[in-house]
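Student: My structure is stored as target-v6.pdb, with PDB, C-alpha atoms, pLDDT in the B column.
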```pdb
ATOM      1  CA  MET A   5       0.097 -46.834 -23.852  1.00 49.00           C
ATOM      2  CA  ALA A   6      -1.900 -45.078 -26.605  1.00 49.00           C
ATOM      3  CA  ILE A   7      -5.020 -44.988 -24.413  1.00 50.00           C
ATOM      4  CA  PHE A   8      -2.990 -43.508 -21.547  1.00 44.00           C
ATOM      5  CA  SER A   9      -1.490 -40.862 -23.882  1.00 49.00           C
ATOM      6  CA  ARG A  10      -4.947 -39.965 -25.217  1.00 49.00           C
ATOM      7  CA  LYS A  11      -6.336 -39.611 -21.679  1.00 48.00           C
ATOM      8  CA  LEU A  12      -3.338 -37.521 -20.677  1.00 46.00           C
ATOM      9  CA  PHE A  13      -3.890 -35.297 -23.729  1.00 44.00           C
ATOM     10  CA  VAL A  14      -7.581 -34.852 -22.861  1.00 40.00           C
ATOM     11  CA  VAL A  15      -6.763 -34.018 -19.231  1.00 40.00           C
ATOM     12  CA  LEU A  16      -4.086 -31.512 -20.275  1.00 42.00           C
ATOM     13  CA  TRP A  17      -6.453 -29.936 -22.825  1.00 41.00           C
ATOM     14  CA  LEU A  18      -9.140 -29.557 -20.143  1.00 42.00           C
ATOM     15  CA  VAL A  19      -6.667 -27.976 -17.724  1.00 42.00           C
ATOM     16  CA  VAL A  20      -5.384 -25.511 -20.333  1.00 42.00           C
ATOM     17  CA  SER A  21      -8.932 -24.720 -21.473  1.00 41.00           C
ATOM     18  CA  ASN A  22     -10.057 -24.081 -17.917  1.00 41.00           C
ATOM     19  CA  LEU A  23      -7.053 -21.851 -17.263  1.00 40.00           C
ATOM     20  CA  ALA A  24      -7.891 -19.813 -20.356  1.00 38.00           C
ATOM     21  CA  LEU A  25     -11.529 -19.569 -19.279  1.00 35.00           C
ATOM     22  CA  ALA A  26     -10.479 -18.657 -15.748  1.00 37.00           C
ATOM     23  CA  ASP A  27      -8.345 -15.811 -17.120  1.00 38.00           C
ATOM     24  CA  GLU A  28     -11.308 -14.606 -19.168  1.00 39.00           C
ATOM     25  CA  ALA A  29     -13.556 -14.817 -16.113  1.00 36.00           C
ATOM     26  CA  ARG A  30     -11.078 -12.756 -14.076  1.00 39.00           C
ATOM     27  CA  ARG A  31     -11.741  -9.826 -16.384  1.00 44.00           C
ATOM     28  CA  VAL A  32     -15.498 -10.050 -16.000  1.00 55.00           C
ATOM     29  CA  ILE A  33     -16.745  -7.401 -13.604  1.00 67.00           C
ATOM     30  CA  ASP A  34     -19.621  -9.173 -11.939  1.00 75.00           C
ATOM     31  CA  HIS A  35     -22.140  -8.066  -9.342  1.00 80.00           C
ATOM     32  CA  GLY A  36     -20.131  -9.736  -6.581  1.00 82.00           C
ATOM     33  CA  ALA A  37     -16.965  -7.767  -7.366  1.00 83.00           C
ATOM     34  CA  VAL A  38     -18.971  -4.540  -7.371  1.00 87.00           C
ATOM     35  CA  GLN A  39     -20.629  -5.387  -4.052  1.00 88.00           C
ATOM     36  CA  ILE A  40     -17.266  -6.240  -2.445  1.00 88.00           C
ATOM     37  CA  PHE A  41     -15.861  -2.884  -3.569  1.00 89.00           C
ATOM     38  CA  ILE A  42     -18.868  -0.967  -2.219  1.00 88.00           C
ATOM     39  CA  GLU A  43     -18.656  -2.708   1.148  1.00 89.00           C
ATOM     40  CA  SER A  44     -14.905  -1.979   1.318  1.00 88.00           C
ATOM     41  CA  GLN A  45     -15.694   1.752   1.088  1.00 87.00           C
ATOM     42  CA  ARG A  46     -18.277   1.672   3.863  1.00 83.00           C
ATOM     43  CA  THR A  47     -17.693   3.625   7.072  1.00 79.00           C
ATOM     44  CA  GLU A  48     -19.083   3.348  10.611  1.00 75.00           C
ATOM     45  CA  GLN A  49     -21.700   5.974   9.787  1.00 74.00           C
ATOM     46  CA  ASN A  50     -23.485   4.207   6.976  1.00 77.00           C
ATOM     47  CA  GLY A  51     -25.391   1.015   6.470  1.00 79.00           C
ATOM     48  CA  PRO A  52     -25.117  -1.489   3.639  1.00 82.00           C
ATOM     49  CA  GLY A  53     -24.372  -0.309   0.126  1.00 87.00           C
ATOM     50  CA  LYS A  54     -27.118  -0.302  -2.460  1.00 88.00           C
ATOM     51  CA  ILE A  55     -26.407  -0.404  -6.196  1.00 90.00           C
ATOM     52  CA  LEU A  56     -28.621   2.070  -8.047  1.00 91.00           C
ATOM     53  CA  VAL A  57     -27.399   1.905 -11.661  1.00 91.00           C
ATOM     54  CA  THR A  58     -24.835  -0.120 -13.574  1.00 90.00           C
ATOM     55  CA  SER A  59     -23.867   0.815 -17.081  1.00 89.00           C
ATOM     56  CA  GLY A  60     -21.494  -0.913 -19.464  1.00 86.00           C
ATOM     57  CA  GLY A  61     -19.195   0.851 -21.869  1.00 85.00           C
ATOM     58  CA  ASP A  62     -15.637   1.038 -23.099  1.00 85.00           C
ATOM     59  CA  TYR A  63     -14.333   3.956 -21.085  1.00 85.00           C
ATOM     60  CA  ASN A  64     -10.642   3.577 -21.917  1.00 83.00           C
ATOM     61  CA  GLY A  65     -10.867   2.652 -25.621  1.00 82.00           C
ATOM     62  CA  ASP A  66      -9.295  -0.816 -25.395  1.00 81.00           C
ATOM     63  CA  SER A  67     -12.359  -2.740 -26.699  1.00 83.00           C
ATOM     64  CA  ILE A  68     -12.803  -4.530 -23.365  1.00 83.00           C
ATOM     65  CA  ALA A  69     -16.057  -3.943 -21.479  1.00 84.00           C
ATOM     66  CA  ASP A  70     -15.874  -1.621 -18.485  1.00 88.00           C
ATOM     67  CA  LYS A  71     -18.611  -0.793 -15.990  1.00 90.00           C
ATOM     68  CA  LEU A  72     -19.819   2.458 -14.452  1.00 92.00           C
ATOM     69  CA  VAL A  73     -21.649   1.937 -11.152  1.00 93.00           C
ATOM     70  CA  MET A  74     -23.775   4.383  -9.172  1.00 93.00           C
ATOM     71  CA  TYR A  75     -24.513   3.427  -5.584  1.00 92.00           C
ATOM     72  CA  THR A  76     -25.642   4.810  -2.248  1.00 89.00           C
ATOM     73  CA  TYR A  77     -25.587   3.646   1.346  1.00 86.00           C
ATOM     74  CA  GLU A  78     -28.612   2.829   3.452  1.00 78.00           C
ATOM     75  CA  HIS A  79     -29.100   4.677   6.726  1.00 70.00           C
ATOM     76  CA  GLY A  80     -26.582   3.530   9.278  1.00 65.00           C
ATOM     77  CA  PRO A  81     -26.442   3.642  13.073  1.00 64.00           C
ATOM     78  CA  ASN A  82     -25.209   7.252  13.193  1.00 63.00           C
ATOM     79  CA  ARG A  83     -27.867   8.692  10.940  1.00 60.00           C
ATOM     80  CA  GLY A  84     -27.304  12.313  11.960  1.00 62.00           C
ATOM     81  CA  VAL A  85     -23.599  12.239  11.093  1.00 59.00           C
ATOM     82  CA  LYS A  86     -23.946  10.762   7.610  1.00 58.00           C
ATOM     83  CA  VAL A  87     -23.781  12.850   4.456  1.00 60.00           C
ATOM     84  CA  PHE A  88     -26.395  11.523   2.054  1.00 75.00           C
ATOM     85  CA  GLY A  89     -25.740  11.155  -1.623  1.00 84.00           C
ATOM     86  CA  MET A  90     -24.793   8.948  -4.497  1.00 91.00           C
ATOM     87  CA  TYR A  91     -21.364   7.629  -5.342  1.00 92.00           C
ATOM     88  CA  ALA A  92     -20.025   6.805  -8.794  1.00 94.00           C
ATOM     89  CA  VAL A  93     -17.085   4.560  -9.613  1.00 94.00           C
ATOM     90  CA  ALA A  94     -15.899   2.926 -12.809  1.00 93.00           C
ATOM     91  CA  PHE A  95     -14.418  -0.557 -13.033  1.00 91.00           C
ATOM     92  CA  ILE A  96     -11.905  -0.422 -15.875  1.00 89.00           C
ATOM     93  CA  SER A  97     -10.920  -3.803 -17.341  1.00 84.00           C
ATOM     94  CA  GLU A  98      -7.387  -4.253 -18.551  1.00 75.00           C
ATOM     95  CA  ALA A  99      -6.107  -6.827 -21.018  1.00 67.00           C
ATOM     96  CA  GLY A 100      -4.521  -9.790 -19.288  1.00 60.00           C
ATOM     97  CA  SER A 101      -5.406  -8.635 -15.781  1.00 60.00           C
ATOM     98  CA  PHE A 102      -8.348  -8.066 -13.493  1.00 68.00           C
ATOM     99  CA  HIS A 103      -9.710  -4.532 -13.287  1.00 81.00           C
ATOM    100  CA  LYS A 104      -8.870  -1.278 -11.603  1.00 87.00           C
ATOM    101  CA  THR A 105     -11.284   1.199 -10.138  1.00 89.00           C
ATOM    102  CA  THR A 106     -11.349   4.926 -10.627  1.00 91.00           C
ATOM    103  CA  ASP A 107     -11.512   7.376  -7.765  1.00 92.00           C
ATOM    104  CA  VAL A 108     -15.008   7.502  -6.290  1.00 93.00           C
ATOM    105  CA  LEU A 109     -17.057  10.556  -7.265  1.00 93.00           C
ATOM    106  CA  PHE A 110     -19.472  11.783  -4.590  1.00 91.00           C
ATOM    107  CA  VAL A 111     -22.715  13.331  -5.856  1.00 92.00           C
ATOM    108  CA  PRO A 112     -24.409  15.046  -2.892  1.00 89.00           C
ATOM    109  CA  GLU A 113     -28.121  14.691  -2.347  1.00 85.00           C
ATOM    110  CA  SER A 114     -28.412  18.438  -2.992  1.00 84.00           C
ATOM    111  CA  GLU A 115     -27.643  17.613  -6.646  1.00 89.00           C
ATOM    112  CA  MET A 116     -29.782  14.481  -7.026  1.00 88.00           C
ATOM    113  CA  ILE A 117     -31.817  12.310  -4.669  1.00 89.00           C
ATOM    114  CA  PRO A 118     -30.442   8.769  -5.083  1.00 88.00           C
ATOM    115  CA  GLU A 119     -33.598   7.043  -3.850  1.00 86.00           C
ATOM    116  CA  ARG A 120     -35.677   8.928  -6.422  1.00 90.00           C
ATOM    117  CA  ILE A 121     -34.043   7.984  -9.710  1.00 92.00           C
ATOM    118  CA  LEU A 122     -36.652   8.149 -12.439  1.00 94.00           C
ATOM    119  CA  GLU A 123     -34.676   6.704 -15.348  1.00 95.00           C
ATOM    120  CA  HIS A 124     -31.228   6.095 -16.722  1.00 94.00           C
ATOM    121  CA  SER A 125     -29.809   5.423 -20.154  1.00 92.00           C
ATOM    122  CA  SER A 126     -26.453   4.746 -21.751  1.00 89.00           C
ATOM    123  CA  ASN A 127     -25.120   5.849 -25.093  1.00 87.00           C
ATOM    124  CA  GLY A 128     -21.559   4.916 -25.940  1.00 83.00           C
ATOM    125  CA  ASN A 129     -19.413   5.873 -22.972  1.00 87.00           C
ATOM    126  CA  LYS A 130     -21.978   8.248 -21.434  1.00 91.00           C
ATOM    127  CA  THR A 131     -24.651   7.475 -18.857  1.00 93.00           C
ATOM    128  CA  VAL A 132     -27.544   9.844 -18.204  1.00 94.00           C
ATOM    129  CA  ILE A 133     -29.407   9.614 -14.908  1.00 95.00           C
ATOM    130  CA  THR A 134     -32.634  11.509 -14.329  1.00 95.00           C
ATOM    131  CA  ALA A 135     -33.878  11.910 -10.767  1.00 94.00           C
ATOM    132  CA  GLU A 136     -35.782  14.212  -8.489  1.00 93.00           C
ATOM    133  CA  LYS A 137     -33.985  17.156  -6.894  1.00 92.00           C
ATOM    134  CA  ARG A 138     -34.845  19.281  -3.884  1.00 90.00           C
ATOM    135  CA  LEU A 139     -34.576  23.014  -4.317  1.00 91.00           C
ATOM    136  CA  PRO A 140     -33.564  25.086  -1.253  1.00 90.00           C
ATOM    137  CA  SER A 141     -37.175  25.959  -0.396  1.00 91.00           C
ATOM    138  CA  ASP A 142     -38.471  22.350  -0.719  1.00 91.00           C
ATOM    139  CA  ALA A 143     -39.607  20.243   2.211  1.00 89.00           C
ATOM    140  CA  MET A 144     -37.833  16.882   2.592  1.00 84.00           C
ATOM    141  CA  CYS A 145     -40.946  15.075   1.386  1.00 88.00           C
ATOM    142  CA  CYS A 146     -41.539  17.082  -1.712  1.00 90.00           C
ATOM    143  CA  PRO A 147     -38.763  17.737  -4.227  1.00 92.00           C
ATOM    144  CA  SER A 148     -39.917  20.263  -6.822  1.00 93.00           C
ATOM    145  CA  ALA A 149     -37.343  19.721  -9.579  1.00 94.00           C
ATOM    146  CA  ILE A 150     -36.039  17.068 -11.918  1.00 95.00           C
ATOM    147  CA  VAL A 151     -32.347  16.858 -12.771  1.00 95.00           C
ATOM    148  CA  SER A 152     -30.484  15.011 -15.524  1.00 95.00           C
ATOM    149  CA  LEU A 153     -26.775  14.401 -15.034  1.00 95.00           C
ATOM    150  CA  THR A 154     -24.525  12.938 -17.728  1.00 95.00           C
ATOM    151  CA  PHE A 155     -21.628  10.848 -16.419  1.00 95.00           C
ATOM    152  CA  SER A 156     -18.574   9.473 -18.185  1.00 93.00           C
ATOM    153  CA  VAL A 157     -14.989   8.493 -17.438  1.00 93.00           C
ATOM    154  CA  GLU A 158     -12.134  10.774 -18.459  1.00 91.00           C
ATOM    155  CA  GLU A 159      -8.487  10.325 -17.551  1.00 87.00           C
ATOM    156  CA  SER A 160      -9.383   7.449 -15.198  1.00 85.00           C
ATOM    157  CA  LYS A 161     -11.911   9.539 -13.253  1.00 93.00           C
ATOM    158  CA  VAL A 162     -15.707   9.535 -13.226  1.00 94.00           C
ATOM    159  CA  VAL A 163     -16.857  12.995 -14.256  1.00 94.00           C
ATOM    160  CA  ILE A 164     -20.140  14.810 -14.693  1.00 94.00           C
ATOM    161  CA  LEU A 165     -20.189  16.110 -18.252  1.00 93.00           C
ATOM    162  CA  THR A 166     -23.475  18.001 -18.096  1.00 90.00           C
ATOM    163  CA  GLY A 167     -26.204  18.691 -15.625  1.00 88.00           C
ATOM    164  CA  GLU A 168     -29.499  20.449 -16.030  1.00 89.00           C
ATOM    165  CA  PHE A 169     -32.619  20.724 -13.951  1.00 82.00           C
ATOM    166  CA  GLN A 170     -36.130  21.980 -14.370  1.00 89.00           C
ATOM    167  CA  ARG A 171     -39.033  22.530 -12.040  1.00 89.00           C
ATOM    168  CA  LYS A 172     -41.684  19.837 -12.040  1.00 84.00           C
ATOM    169  CA  SER A 173     -44.956  20.876 -13.575  1.00 75.00           C
ATOM    170  CA  SER A 174     -47.794  21.460 -11.132  1.00 61.00           C
ATOM    171  CA  ARG A 175     -49.401  18.238 -12.424  1.00 53.00           C
ATOM    172  CA  ASP A 176     -46.498  16.016 -11.181  1.00 50.00           C
TER     173      ASP A 176
END
```
What is this structure when it is put down as structure tokens?

Tutor:
Amino acid sequence: MAIFSRKLFVVLWLVVSNLALADEARRVIDHGAVQIFIESQRTEQNGPGKILVTSGGDYNGDSIADKLVMYTYEHGPNRGVKVFGMYAVAFISEAGSFHKTTDVLFVPESEMIPERILEHSSNGNKTVITAEKRLPSDAMCCPSAIVSLTFSVEESKVVILTGEFQRKSSRD
């Protein structure tokens, strides 16, 4: 009887431990959850989603890791109809539950060319993305400016805090 009780205790401990770990795993915002969200936002005009930048931070001040994701869509079947650009969404973790997403922020290609990101960095709850930018007189092949946009999450929305651009030097 003692051996049976010990085995029962071990089995119950494993079940409870796995349930606790499963709850912890539910709060983890993994690549798969991000990809599922991006595909759920896809329309008939665009192709598959492509993650450009992911950045961790605590955007709601609850000491649980959140994630800011920048993504774009590849060219789809109706290429002429599509509006090109980058999208930003934050996955906000909540204690004891999964996560919620913010509204999606659209950053048009006129502000930043998603396929030409040069660098990105995070500091606290801010993410800075530097990319090439086309000015009105630029040919499609040859953007002549560089832009840096600073993103964060405020009041459950992804926002652009600052943006500045400069012309590339003639050596670029």

Student: To one decimal place in Å, what is the distance between atom CA of Glu115 of chain A and atom CA of Ser44 of chain A?

Tutor: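 Result for atom CA of Glu115 of chain A versus atom CA of Ser44 of chain A: 24.7 Å, one decimal.
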
Student: Give me the residues within 7 Å of Ala149 of chain A as a list in words, counting only C-alpha atoms and dropping any in the same chain fewer than 4 places off.

Tutor: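 Listing them by chain and then by number gives Glu136, Lys137, Arg138, Leu139, Phe169, Gln170, Arg171 and Lys172 of chain A.
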
Student: Please evaluate the PyMOL selection byres ((chain A and resi 153) around 9) against the displayed coordinates and give the resulting residues as a VMD selection string.

Tutor: chain A and resid 116 131 to 135 151 to 152 154 to 155 164 to 169

Student: List the neighbours of Gly128 of chain A out to 10 Å using only C-alpha atoms; skip same-chain residues closer than 6 positions along the sequence, and give me the result as a compact mmCIF listing (two decimals) with C-alpha atoms, in the coordinates of the input.

Tutor:
```txt
# COMPACT_ATOMS: atom_id res chain seq x y z
CA GLY A 60 -21.49 -0.91 -19.46
CA GLY A 61 -19.20 0.85 -21.87
CA ASP A 62 -15.64 1.04 -23.10
CA TYR A 63 -14.33 3.96 -21.08
CA SER A 156 -18.57 9.47 -18.18
```

Student: Hey, what comes out of the PyMOL selection byres ((chain A and resi 118) around 7) on this file? Could you write it as a compact mmCIF listing (two decimals) with C-alpha atoms, in the frame of the given file?

Tutor:
```txt
# COMPACT_ATOMS: atom_id res chain seq x y z
CA THR A 76 -25.64 4.81 -2.25
CA GLY A 89 -25.74 11.16 -1.62
CA MET A 90 -24.79 8.95 -4.50
CA GLU A 113 -28.12 14.69 -2.35
CA MET A 116 -29.78 14.48 -7.03
CA ILE A 117 -31.82 12.31 -4.67
CA GLU A 119 -33.60 7.04 -3.85
CA ARG A 120 -35.68 8.93 -6.42
CA ILE A 121 -34.04 7.98 -9.71
```

Student: Have a look at atom CA of Glu43 of chain A and atom CA of Leu122 of chain A and let me know their distance in Å, one decimal.

Tutor: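 Calculated distance between atom CA of Glu43 of chain A and atom CA of Leu122 of chain A is 25.0 Å.
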
Student: Could you write out as a ChimeraX atom specification the residues that the PyMOL selection byres ((chain A and resi 71) around 7) matches in the shown file?

Tutor: /A:58-61,69-70,72-73,94-96

Student: Could you tell me how far atom CA of Tyr91 of chain A sits from atom CA of His35 of chain A, in Å to one decimal place?

Tutor: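 Atom CA of Tyr91 of chain A lies at a distance of 16.2 Å from atom CA of His35 of chain A.
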